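J.: If you scroll down you'll find the structure; I have some questions about it.
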Amino acid sequence: RKEVEQDPGPFNVPEGATVAFNCTYSNSASQSFFWYRQDCRKEPKLLMSVYSSGNEDGRFTAQLNRASQYISLLIRDSKLSDSATYLCVVNKWNTDKLIFGTGTRLQVFP
Amino acid sequence: EPEVTQTPSHQVTQMGQEVILRCVPISNHLYFYWYRQILGQKVEFLVSFYNNEISEKSEIFDDQFSVERPDGSNFTLKIRSTKLEDSAMYFCASSEDSNQPQHFGDGTRLSIL
């Protein structure tokens, strides 16, 4: 089983739509969780950290379910500029390294 | 906003040659990392560095790889004898501490001929 698993997509949605991405992780010792965004041939950019209580940043809402080892990202009112690959990223206890999923590609069309 | 900077943006090297990739982490960050991303694949951890020594490394980071912090600002990745399969984007990252989010530089594209 992959350490971090995501649906690769692509998700093709119209502007203004709400879209949700899911991610599962295999290691229950995982400690920190993040969503990064990556544009084509660019670096990963931190979108938001994910907390057990859930957190929101503008149009973006992230949720963590430790019991199910599941992370989600909800994007409301999609913009053309949201088109990118969204990377689910996990960090385990007592380790520095980030473990990346393969990413979910989002394409927002006019 | 402070950022991680990497040079060069693109490096083309003959197989078997040595290459050094350079990074300037964010100034108040204490943890430094190298990752790589082969075209079409996921981002993979190579090595982390703290307090002037390697704190963790992956299976990819074999004897051909080394890292160094030669002065107070630079953090380098050296590949001693490059192979075709070393062709990838190499990202440097830094963080304030090991539990804080890591911030990535815009990468060096390494092409081995």
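Please note that chains go A, B, ... in the order of the structure tokens, that every chain numbers its residues from 1, and that ligands are numbered from 1 in the order shown.
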At a cut-off of 8 Å, which residues of chain B touch chain A? Count only C-alpha atoms and give the answer as a PyMOL selection string.

T.: chain B and resi 41-45+47-48+55-56+91+98-99+101-107

J.: Selected residues, N, CA, C and O atoms, written as a tab-separated table (two decimals), in the first residue's frame, please.

T.:
chain	number	residue	atom	x	y	z
B	41	GLN	N	6.71	12.11	-11.90
B	41	GLN	CA	6.62	11.32	-10.67
B	41	GLN	C	6.44	12.23	-9.45
B	41	GLN	O	6.41	13.45	-9.56
B	42	LYS	N	6.32	11.60	-8.29
B	42	LYS	CA	6.07	12.39	-7.09
B	42	LYS	C	7.38	12.96	-6.53
B	42	LYS	O	8.48	12.53	-6.90
B	43	VAL	N	7.23	13.92	-5.65
B	43	VAL	CA	8.38	14.50	-4.97
B	43	VAL	C	8.93	13.48	-3.95
B	43	VAL	O	8.16	12.90	-3.19
B	44	GLU	N	10.26	13.29	-3.96
B	44	GLU	CA	10.88	12.29	-3.07
B	44	GLU	C	11.92	12.95	-2.18
B	44	GLU	O	12.75	13.74	-2.65
B	45	PHE	N	11.92	12.58	-0.93
B	45	PHE	CA	12.89	13.08	0.05
B	45	PHE	C	14.27	12.50	-0.23
B	45	PHE	O	14.41	11.30	-0.52
B	47	VAL	N	17.39	14.11	1.73
B	47	VAL	CA	18.21	14.28	2.93
B	47	VAL	C	17.72	15.48	3.73
B	47	VAL	O	17.16	16.42	3.19
B	48	SER	N	17.91	15.40	5.05
B	48	SER	CA	17.67	16.55	5.91
B	48	SER	C	18.95	16.87	6.67
B	48	SER	O	19.77	15.98	6.93
B	55	SER	N	20.66	14.71	9.42
B	55	SER	CA	19.79	14.13	10.45
B	55	SER	C	19.03	12.93	9.92
B	55	SER	O	18.68	12.02	10.68
B	56	GLU	N	18.79	12.90	8.63
B	56	GLU	CA	18.09	11.76	8.04
B	56	GLU	C	18.40	11.73	6.54
B	56	GLU	O	18.59	12.78	5.93
B	91	PHE	N	14.78	20.07	-5.52
B	91	PHE	CA	14.23	21.16	-4.71
B	91	PHE	C	14.94	21.21	-3.36
B	91	PHE	O	15.08	20.19	-2.69
B	98	SER	N	11.60	21.16	12.97
B	98	SER	CA	11.22	19.95	12.24
B	98	SER	C	9.71	19.76	12.17
B	98	SER	O	9.23	18.99	11.35
B	99	ASN	N	8.94	20.44	12.99
B	99	ASN	CA	7.49	20.30	12.96
B	99	ASN	C	6.80	21.41	12.18
B	99	ASN	O	5.59	21.37	12.01
B	101	PRO	N	6.04	23.79	8.76
B	101	PRO	CA	5.99	23.52	7.31
B	101	PRO	C	7.32	23.85	6.64
B	101	PRO	O	8.02	24.77	7.04
B	102	GLN	N	7.62	23.08	5.62
B	102	GLN	CA	8.84	23.30	4.85
B	102	GLN	C	8.51	24.18	3.65
B	102	GLN	O	7.48	24.00	3.00
B	103	HIS	N	9.41	25.12	3.39
B	103	HIS	CA	9.23	26.05	2.28
B	103	HIS	C	10.25	25.72	1.21
B	103	HIS	O	11.44	25.60	1.50
B	104	PHE	N	9.77	25.62	-0.03
B	104	PHE	CA	10.60	25.11	-1.12
B	104	PHE	C	11.14	26.23	-2.00
B	104	PHE	O	10.45	27.23	-2.23
B	105	GLY	N	12.36	26.02	-2.49
B	105	GLY	CA	12.89	26.86	-3.54
B	105	GLY	C	12.29	26.48	-4.88
B	105	GLY	O	11.58	25.47	-4.98
B	106	ASP	N	12.59	27.28	-5.91
B	106	ASP	CA	11.96	27.01	-7.22
B	106	ASP	C	12.69	25.96	-8.03
B	106	ASP	O	12.31	25.69	-9.16
B	107	GLY	N	13.69	25.34	-7.46
B	107	GLY	CA	14.26	24.12	-8.05
B	107	GLY	C	15.37	24.35	-9.05
B	107	GLY	O	15.51	25.42	-9.64

J.: Counting only C-alpha atoms, which of B:Leu39, B:Met15, B:Leu110, B:Leu30 gets nearest to Tyr90 (chain B)?

T.: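 Smallest separation from Tyr90 (chain B) among the options: B:Leu110.
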
J.: Where in chain B does DSSP assign strand (DSSP E), given as a PDB file with N, CA and C atoms, in the first residue's frame?

T.:
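And here is the file that came out, result_2.pdb:
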ATOM      1  N   THR B   5      16.112  30.356  -2.213  1.00  0.00           N
ATOM      2  CA  THR B   5      16.577  30.579  -3.579  1.00  0.00           C
ATOM      3  C   THR B   5      17.549  29.476  -3.982  1.00  0.00           C
ATOM      4  N   GLN B   6      17.468  29.074  -5.257  1.00  0.00           N
ATOM      5  CA  GLN B   6      18.319  27.997  -5.761  1.00  0.00           C
ATOM      6  C   GLN B   6      19.004  28.425  -7.052  1.00  0.00           C
ATOM      7  N   THR B   7      20.243  27.988  -7.205  1.00  0.00           N
ATOM      8  CA  THR B   7      20.980  28.214  -8.447  1.00  0.00           C
ATOM      9  C   THR B   7      21.774  26.962  -8.810  1.00  0.00           C
ATOM     10  N   HIS B  10      18.832  25.718 -14.271  1.00  0.00           N
ATOM     11  CA  HIS B  10      18.957  24.558 -15.144  1.00  0.00           C
ATOM     12  C   HIS B  10      20.442  24.210 -15.285  1.00  0.00           C
ATOM     13  N   GLN B  11      20.766  22.943 -15.095  1.00  0.00           N
ATOM     14  CA  GLN B  11      22.144  22.474 -15.205  1.00  0.00           C
ATOM     15  C   GLN B  11      22.167  21.282 -16.157  1.00  0.00           C
ATOM     16  N   VAL B  12      23.008  21.391 -17.186  1.00  0.00           N
ATOM     17  CA  VAL B  12      23.176  20.279 -18.120  1.00  0.00           C
ATOM     18  C   VAL B  12      24.592  19.753 -17.950  1.00  0.00           C
ATOM     19  N   THR B  13      24.722  18.469 -17.723  1.00  0.00           N
ATOM     20  CA  THR B  13      26.029  17.872 -17.381  1.00  0.00           C
ATOM     21  C   THR B  13      26.181  16.535 -18.088  1.00  0.00           C
ATOM     22  N   VAL B  19      28.465  17.452 -10.119  1.00  0.00           N
ATOM     23  CA  VAL B  19      27.616  18.638 -10.190  1.00  0.00           C
ATOM     24  C   VAL B  19      27.335  19.113  -8.763  1.00  0.00           C
ATOM     25  N   ILE B  20      27.273  20.428  -8.602  1.00  0.00           N
ATOM     26  CA  ILE B  20      26.928  21.023  -7.299  1.00  0.00           C
ATOM     27  C   ILE B  20      25.728  21.926  -7.477  1.00  0.00           C
ATOM     28  N   LEU B  21      24.702  21.643  -6.718  1.00  0.00           N
ATOM     29  CA  LEU B  21      23.499  22.462  -6.731  1.00  0.00           C
ATOM     30  C   LEU B  21      23.494  23.319  -5.467  1.00  0.00           C
ATOM     31  N   ARG B  22      23.114  24.572  -5.636  1.00  0.00           N
ATOM     32  CA  ARG B  22      23.233  25.513  -4.524  1.00  0.00           C
ATOM     33  C   ARG B  22      21.886  26.046  -4.074  1.00  0.00           C
ATOM     34  N   CYS B  23      21.831  26.349  -2.804  1.00  0.00           N
ATOM     35  CA  CYS B  23      20.583  26.800  -2.185  1.00  0.00           C
ATOM     36  C   CYS B  23      20.923  27.818  -1.110  1.00  0.00           C
ATOM     37  N   VAL B  24      20.076  28.849  -1.009  1.00  0.00           N
ATOM     38  CA  VAL B  24      20.146  29.760   0.131  1.00  0.00           C
ATOM     39  C   VAL B  24      18.821  29.639   0.861  1.00  0.00           C
ATOM     40  N   TYR B  31      16.489  24.107   9.758  1.00  0.00           N
ATOM     41  CA  TYR B  31      16.432  22.784   9.155  1.00  0.00           C
ATOM     42  C   TYR B  31      16.447  22.944   7.639  1.00  0.00           C
ATOM     43  N   PHE B  32      17.240  22.120   6.981  1.00  0.00           N
ATOM     44  CA  PHE B  32      17.388  22.224   5.537  1.00  0.00           C
ATOM     45  C   PHE B  32      17.201  20.842   4.912  1.00  0.00           C
ATOM     46  N   TYR B  33      16.679  20.848   3.696  1.00  0.00           N
ATOM     47  CA  TYR B  33      16.308  19.590   3.051  1.00  0.00           C
ATOM     48  C   TYR B  33      16.603  19.658   1.551  1.00  0.00           C
ATOM     49  N   TRP B  34      16.845  18.479   0.989  1.00  0.00           N
ATOM     50  CA  TRP B  34      16.838  18.321  -0.458  1.00  0.00           C
ATOM     51  C   TRP B  34      15.814  17.252  -0.819  1.00  0.00           C
ATOM     52  N   TYR B  35      15.052  17.546  -1.882  1.00  0.00           N
ATOM     53  CA  TYR B  35      14.100  16.620  -2.471  1.00  0.00           C
ATOM     54  C   TYR B  35      14.383  16.567  -3.964  1.00  0.00           C
ATOM     55  N   ARG B  36      13.881  15.530  -4.596  1.00  0.00           N
ATOM     56  CA  ARG B  36      13.959  15.510  -6.052  1.00  0.00           C
ATOM     57  C   ARG B  36      12.620  15.048  -6.622  1.00  0.00           C
ATOM     58  N   GLN B  37      12.381  15.409  -7.876  1.00  0.00           N
ATOM     59  CA  GLN B  37      11.165  14.999  -8.562  1.00  0.00           C
ATOM     60  C   GLN B  37      11.526  14.651  -9.996  1.00  0.00           C
ATOM     61  N   GLU B  44      10.259  13.294  -3.960  1.00  0.00           N
ATOM     62  CA  GLU B  44      10.883  12.293  -3.073  1.00  0.00           C
ATOM     63  C   GLU B  44      11.923  12.952  -2.181  1.00  0.00           C
ATOM     64  N   PHE B  45      11.919  12.582  -0.926  1.00  0.00           N
ATOM     65  CA  PHE B  45      12.890  13.082   0.046  1.00  0.00           C
ATOM     66  C   PHE B  45      14.275  12.498  -0.230  1.00  0.00           C
ATOM     67  N   LEU B  46      15.291  13.346  -0.137  1.00  0.00           N
ATOM     68  CA  LEU B  46      16.674  12.873  -0.240  1.00  0.00           C
ATOM     69  C   LEU B  46      17.370  12.918   1.119  1.00  0.00           C
ATOM     70  N   VAL B  47      17.395  14.111   1.733  1.00  0.00           N
ATOM     71  CA  VAL B  47      18.208  14.281   2.928  1.00  0.00           C
ATOM     72  C   VAL B  47      17.718  15.479   3.735  1.00  0.00           C
ATOM     73  N   SER B  48      17.908  15.397   5.049  1.00  0.00           N
ATOM     74  CA  SER B  48      17.667  16.555   5.907  1.00  0.00           C
ATOM     75  C   SER B  48      18.945  16.873   6.675  1.00  0.00           C
ATOM     76  N   PHE B  49      19.082  18.123   7.080  1.00  0.00           N
ATOM     77  CA  PHE B  49      20.346  18.618   7.631  1.00  0.00           C
ATOM     78  C   PHE B  49      20.028  19.584   8.738  1.00  0.00           C
ATOM     79  N   TYR B  50      20.642  19.361   9.889  1.00  0.00           N
ATOM     80  CA  TYR B  50      20.398  20.243  11.034  1.00  0.00           C
ATOM     81  C   TYR B  50      21.654  20.293  11.876  1.00  0.00           C
ATOM     82  N   GLU B  53      24.928  18.772  10.476  1.00  0.00           N
ATOM     83  CA  GLU B  53      25.081  17.373  10.135  1.00  0.00           C
ATOM     84  C   GLU B  53      23.785  16.808   9.550  1.00  0.00           C
ATOM     85  N   ILE B  54      23.941  15.704   8.843  1.00  0.00           N
ATOM     86  CA  ILE B  54      22.779  15.034   8.276  1.00  0.00           C
ATOM     87  C   ILE B  54      21.954  14.431   9.403  1.00  0.00           C
ATOM     88  N   SER B  55      20.662  14.711   9.419  1.00  0.00           N
ATOM     89  CA  SER B  55      19.793  14.131  10.448  1.00  0.00           C
ATOM     90  C   SER B  55      19.027  12.926   9.916  1.00  0.00           C
ATOM     91  N   GLU B  56      18.791  12.902   8.630  1.00  0.00           N
ATOM     92  CA  GLU B  56      18.091  11.759   8.038  1.00  0.00           C
ATOM     93  C   GLU B  56      18.396  11.728   6.543  1.00  0.00           C
ATOM     94  N   LYS B  57      18.455  10.524   5.974  1.00  0.00           N
ATOM     95  CA  LYS B  57      18.630  10.419   4.528  1.00  0.00           C
ATOM     96  C   LYS B  57      17.848   9.230   4.008  1.00  0.00           C
ATOM     97  N   PHE B  65      26.155  11.040  -3.278  1.00  0.00           N
ATOM     98  CA  PHE B  65      25.575  12.306  -2.860  1.00  0.00           C
ATOM     99  C   PHE B  65      26.251  12.809  -1.588  1.00  0.00           C
ATOM    100  N   SER B  66      26.364  14.123  -1.484  1.00  0.00           N
ATOM    101  CA  SER B  66      26.805  14.722  -0.233  1.00  0.00           C
ATOM    102  C   SER B  66      26.181  16.109  -0.105  1.00  0.00           C
ATOM    103  N   VAL B  67      26.073  16.580   1.129  1.00  0.00           N
ATOM    104  CA  VAL B  67      25.562  17.926   1.374  1.00  0.00           C
ATOM    105  C   VAL B  67      26.548  18.660   2.264  1.00  0.00           C
ATOM    106  N   GLU B  68      26.468  19.984   2.152  1.00  0.00           N
ATOM    107  CA  GLU B  68      27.396  20.807   2.908  1.00  0.00           C
ATOM    108  C   GLU B  68      26.767  22.158   3.149  1.00  0.00           C
ATOM    109  N   PHE B  75      23.645  26.245   1.228  1.00  0.00           N
ATOM    110  CA  PHE B  75      23.465  24.823   1.515  1.00  0.00           C
ATOM    111  C   PHE B  75      23.566  24.124   0.167  1.00  0.00           C
ATOM    112  N   THR B  76      24.510  23.210   0.014  1.00  0.00           N
ATOM    113  CA  THR B  76      24.767  22.632  -1.306  1.00  0.00           C
ATOM    114  C   THR B  76      24.519  21.126  -1.328  1.00  0.00           C
ATOM    115  N   LEU B  77      24.154  20.653  -2.520  1.00  0.00           N
ATOM    116  CA  LEU B  77      24.029  19.227  -2.798  1.00  0.00           C
ATOM    117  C   LEU B  77      25.033  18.892  -3.897  1.00  0.00           C
ATOM    118  N   LYS B  78      25.913  17.934  -3.630  1.00  0.00           N
ATOM    119  CA  LYS B  78      26.892  17.510  -4.627  1.00  0.00           C
ATOM    120  C   LYS B  78      26.574  16.095  -5.064  1.00  0.00           C
ATOM    121  N   ILE B  79      26.614  15.885  -6.373  1.00  0.00           N
ATOM    122  CA  ILE B  79      26.529  14.528  -6.909  1.00  0.00           C
ATOM    123  C   ILE B  79      27.868  14.266  -7.578  1.00  0.00           C
ATOM    124  N   ALA B  88      16.468  15.107 -13.061  1.00  0.00           N
ATOM    125  CA  ALA B  88      15.266  15.388 -12.262  1.00  0.00           C
ATOM    126  C   ALA B  88      15.274  16.868 -11.901  1.00  0.00           C
ATOM    127  N   MET B  89      14.161  17.303 -11.284  1.00  0.00           N
ATOM    128  CA  MET B  89      14.130  18.606 -10.604  1.00  0.00           C
ATOM    129  C   MET B  89      14.606  18.365  -9.178  1.00  0.00           C
ATOM    130  N   TYR B  90      15.510  19.188  -8.715  1.00  0.00           N
ATOM    131  CA  TYR B  90      15.997  19.097  -7.345  1.00  0.00           C
ATOM    132  C   TYR B  90      15.517  20.334  -6.589  1.00  0.00           C
ATOM    133  N   PHE B  91      14.785  20.074  -5.523  1.00  0.00           N
ATOM    134  CA  PHE B  91      14.235  21.162  -4.710  1.00  0.00           C
ATOM    135  C   PHE B  91      14.938  21.208  -3.364  1.00  0.00           C
ATOM    136  N   CYS B  92      15.328  22.390  -2.977  1.00  0.00           N
ATOM    137  CA  CYS B  92      15.814  22.657  -1.636  1.00  0.00           C
ATOM    138  C   CYS B  92      14.643  23.190  -0.815  1.00  0.00           C
ATOM    139  N   ALA B  93      14.613  22.878   0.456  1.00  0.00           N
ATOM    140  CA  ALA B  93      13.571  23.390   1.341  1.00  0.00           C
ATOM    141  C   ALA B  93      14.185  23.724   2.688  1.00  0.00           C
ATOM    142  N   SER B  94      13.494  24.580   3.434  1.00  0.00           N
ATOM    143  CA  SER B  94      13.945  24.880   4.793  1.00  0.00           C
ATOM    144  C   SER B  94      12.738  25.079   5.696  1.00  0.00           C
ATOM    145  N   SER B  95      12.969  24.926   7.004  1.00  0.00           N
ATOM    146  CA  SER B  95      11.896  25.146   7.979  1.00  0.00           C
ATOM    147  C   SER B  95      12.509  25.663   9.271  1.00  0.00           C
ATOM    148  N   HIS B 103       9.414  25.118   3.386  1.00  0.00           N
ATOM    149  CA  HIS B 103       9.226  26.048   2.276  1.00  0.00           C
ATOM    150  C   HIS B 103      10.249  25.722   1.206  1.00  0.00           C
ATOM    151  N   PHE B 104       9.771  25.615  -0.026  1.00  0.00           N
ATOM    152  CA  PHE B 104      10.601  25.110  -1.115  1.00  0.00           C
ATOM    153  C   PHE B 104      11.140  26.227  -1.999  1.00  0.00           C
ATOM    154  N   THR B 108      16.176  23.305  -9.209  1.00  0.00           N
ATOM    155  CA  THR B 108      17.180  23.224 -10.270  1.00  0.00           C
ATOM    156  C   THR B 108      16.819  22.036 -11.141  1.00  0.00           C
ATOM    157  N   ARG B 109      16.674  22.298 -12.426  1.00  0.00           N
ATOM    158  CA  ARG B 109      16.427  21.185 -13.347  1.00  0.00           C
ATOM    159  C   ARG B 109      17.775  20.618 -13.772  1.00  0.00           C
ATOM    160  N   LEU B 110      18.049  19.384 -13.416  1.00  0.00           N
ATOM    161  CA  LEU B 110      19.316  18.734 -13.759  1.00  0.00           C
ATOM    162  C   LEU B 110      19.095  17.774 -14.912  1.00  0.00           C
ATOM    163  N   SER B 111      19.835  17.983 -15.987  1.00  0.00           N
ATOM    164  CA  SER B 111      19.732  17.112 -17.160  1.00  0.00           C
ATOM    165  C   SER B 111      21.083  16.453 -17.382  1.00  0.00           C
ATOM    166  N   ILE B 112      21.105  15.134 -17.353  1.00  0.00           N
ATOM    167  CA  ILE B 112      22.349  14.380 -17.544  1.00  0.00           C
ATOM    168  C   ILE B 112      22.333  13.791 -18.954  1.00  0.00           C
TER     169      ILE B 112
END

J.: So which one's closest to Trp35 (chain A), A:Gln69, A:Pro110, A:Leu64, A:Ser53? Using only C-alpha atoms, please.

T.: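 Distance minimum relative to Trp35 (chain A) lands on A:Leu64.
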
J.: To one decimal in Å, tell me the separation between CA of Ser30 (chain A) and CA of Ser58 (chain B).

T.: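 Distance between the two atoms: 17.4 Å.
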
J.: Work out how far apart CA of Gln64 (chain B) and CA of Leu113 (chain B) are and give it in Å to one decimal.

T.: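 Answer for the CA of Gln64 (chain B) to CA of Leu113 (chain B) separation: 17.4 Å.
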
J.: What does the distance between CA of Pro14 (chain A) and CA of Tyr70 (chain A) come to in Å, to one decimal place?

T.: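 CA of Pro14 (chain A) sits 26.2 Å away from CA of Tyr70 (chain A).
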
J.: What are the closest atom pairs, with distances in Å to one decimal, for each residue of region 25-89 of chain A lying within 10 Å of region 5-12 of chain A, using only C-alpha atoms, rows by chain and rising residue number, as JSON lines?

T.:
{"residue": "A:Tyr25", "atom": "CA", "partner": "A:Glu5", "partner_atom": "CA", "distance": 6.3}
{"residue": "A:Ser26", "atom": "CA", "partner": "A:Glu5", "partner_atom": "CA", "distance": 8.4}
{"residue": "A:Tyr70", "atom": "CA", "partner": "A:Glu5", "partner_atom": "CA", "distance": 9.6}
{"residue": "A:Ile71", "atom": "CA", "partner": "A:Gln6", "partner_atom": "CA", "distance": 9.9}
{"residue": "A:Ser83", "atom": "CA", "partner": "A:Asn12", "partner_atom": "CA", "distance": 9.1}
{"residue": "A:Ala84", "atom": "CA", "partner": "A:Pro10", "partner_atom": "CA", "distance": 9.9}
{"residue": "A:Thr85", "atom": "CA", "partner": "A:Pro8", "partner_atom": "CA", "distance": 8.8}
{"residue": "A:Tyr86", "atom": "CA", "partner": "A:Pro8", "partner_atom": "CA", "distance": 9.3}
{"residue": "A:Leu87", "atom": "CA", "partner": "A:Gln6", "partner_atom": "CA", "distance": 8.3}
{"residue": "A:Cys88", "atom": "CA", "partner": "A:Gln6", "partner_atom": "CA", "distance": 7.4}
{"residue": "A:Val89", "atom": "CA", "partner": "A:Glu5", "partner_atom": "CA", "distance": 9.8}

J.: Please dump the current selection as a CSV table (one decimal), in the first residue's frame; keep all heavy atoms.

T.:
chain,number,residue,atom,x,y,z
A,25,TYR,N,-3.6,8.0,4.1
A,25,TYR,CA,-2.2,7.7,4.5
A,25,TYR,C,-2.1,6.4,5.2
A,25,TYR,O,-3.1,6.0,6.0
A,25,TYR,CB,-1.5,8.8,5.2
A,25,TYR,CG,-2.2,9.2,6.5
A,25,TYR,CD1,-1.8,8.7,7.8
A,25,TYR,CD2,-3.3,10.1,6.6
A,25,TYR,CE1,-2.4,9.0,8.9
A,25,TYR,CE2,-3.9,10.4,7.7
A,25,TYR,CZ,-3.5,9.9,8.9
A,25,TYR,OH,-4.1,10.2,10.1
A,26,SER,N,-1.0,5.7,5.1
A,26,SER,CA,-1.0,4.3,5.6
A,26,SER,C,-0.4,4.2,7.0
A,26,SER,O,-0.6,3.2,7.7
A,26,SER,CB,-0.2,3.4,4.7
A,26,SER,OG,1.1,3.9,4.6
A,70,TYR,N,-7.4,9.7,7.0
A,70,TYR,CA,-8.0,10.3,5.8
A,70,TYR,C,-7.9,11.9,5.9
A,70,TYR,O,-8.1,12.4,7.0
A,70,TYR,CB,-9.4,9.9,5.8
A,70,TYR,CG,-10.4,10.5,4.8
A,70,TYR,CD1,-10.6,9.9,3.6
A,70,TYR,CD2,-11.0,11.6,5.2
A,70,TYR,CE1,-11.5,10.4,2.7
A,70,TYR,CE2,-12.0,12.2,4.3
A,70,TYR,CZ,-12.2,11.6,3.1
A,70,TYR,OH,-13.1,12.1,2.2
A,71,ILE,N,-7.5,12.5,4.8
A,71,ILE,CA,-7.4,14.0,4.8
A,71,ILE,C,-8.2,14.5,3.6
A,71,ILE,O,-8.2,13.8,2.5
A,71,ILE,CB,-5.9,14.4,4.6
A,71,ILE,CG1,-5.0,13.7,5.7
A,71,ILE,CG2,-5.7,15.9,4.6
A,71,ILE,CD1,-3.5,13.7,5.2
A,83,SER,N,-6.3,26.2,-10.9
A,83,SER,CA,-5.8,25.1,-11.8
A,83,SER,C,-4.4,24.8,-11.4
A,83,SER,O,-3.5,25.6,-11.5
A,83,SER,CB,-5.9,25.4,-13.2
A,83,SER,OG,-7.3,25.7,-13.6
A,84,ALA,N,-4.1,23.6,-10.9
A,84,ALA,CA,-2.8,23.1,-10.4
A,84,ALA,C,-2.9,21.7,-10.0
A,84,ALA,O,-4.0,21.1,-10.1
A,84,ALA,CB,-2.4,24.0,-9.3
A,85,THR,N,-1.8,21.1,-9.5
A,85,THR,CA,-1.8,19.8,-8.9
A,85,THR,C,-1.8,20.0,-7.4
A,85,THR,O,-0.9,20.8,-6.9
A,85,THR,CB,-0.6,19.0,-9.4
A,85,THR,OG1,-0.8,18.8,-10.8
A,85,THR,CG2,-0.6,17.6,-8.7
A,86,TYR,N,-2.6,19.3,-6.7
A,86,TYR,CA,-2.7,19.5,-5.2
A,86,TYR,C,-2.1,18.3,-4.6
A,86,TYR,O,-2.5,17.1,-4.8
A,86,TYR,CB,-4.2,19.7,-4.8
A,86,TYR,CG,-4.6,21.1,-5.2
A,86,TYR,CD1,-5.1,21.3,-6.5
A,86,TYR,CD2,-4.5,22.2,-4.4
A,86,TYR,CE1,-5.4,22.6,-6.9
A,86,TYR,CE2,-4.9,23.4,-4.8
A,86,TYR,CZ,-5.4,23.6,-6.1
A,86,TYR,OH,-5.7,24.9,-6.5
A,87,LEU,N,-1.1,18.5,-3.8
A,87,LEU,CA,-0.3,17.4,-3.2
A,87,LEU,C,-0.6,17.3,-1.7
A,87,LEU,O,-0.6,18.2,-0.9
A,87,LEU,CB,1.2,17.8,-3.3
A,87,LEU,CG,1.8,18.2,-4.6
A,87,LEU,CD1,3.2,18.6,-4.5
A,87,LEU,CD2,1.6,17.0,-5.6
A,88,CYS,N,-1.0,16.0,-1.4
A,88,CYS,CA,-1.2,15.7,0.0
A,88,CYS,C,0.1,15.3,0.6
A,88,CYS,O,0.8,14.4,0.0
A,88,CYS,CB,-2.2,14.5,0.1
A,88,CYS,SG,-2.6,13.9,1.7
A,89,VAL,N,0.5,15.8,1.7
A,89,VAL,CA,1.8,15.6,2.3
A,89,VAL,C,1.7,15.3,3.8
A,89,VAL,O,1.0,15.9,4.5
A,89,VAL,CB,2.7,16.9,2.1
A,89,VAL,CG1,4.1,16.6,2.6
A,89,VAL,CG2,2.7,17.3,0.6
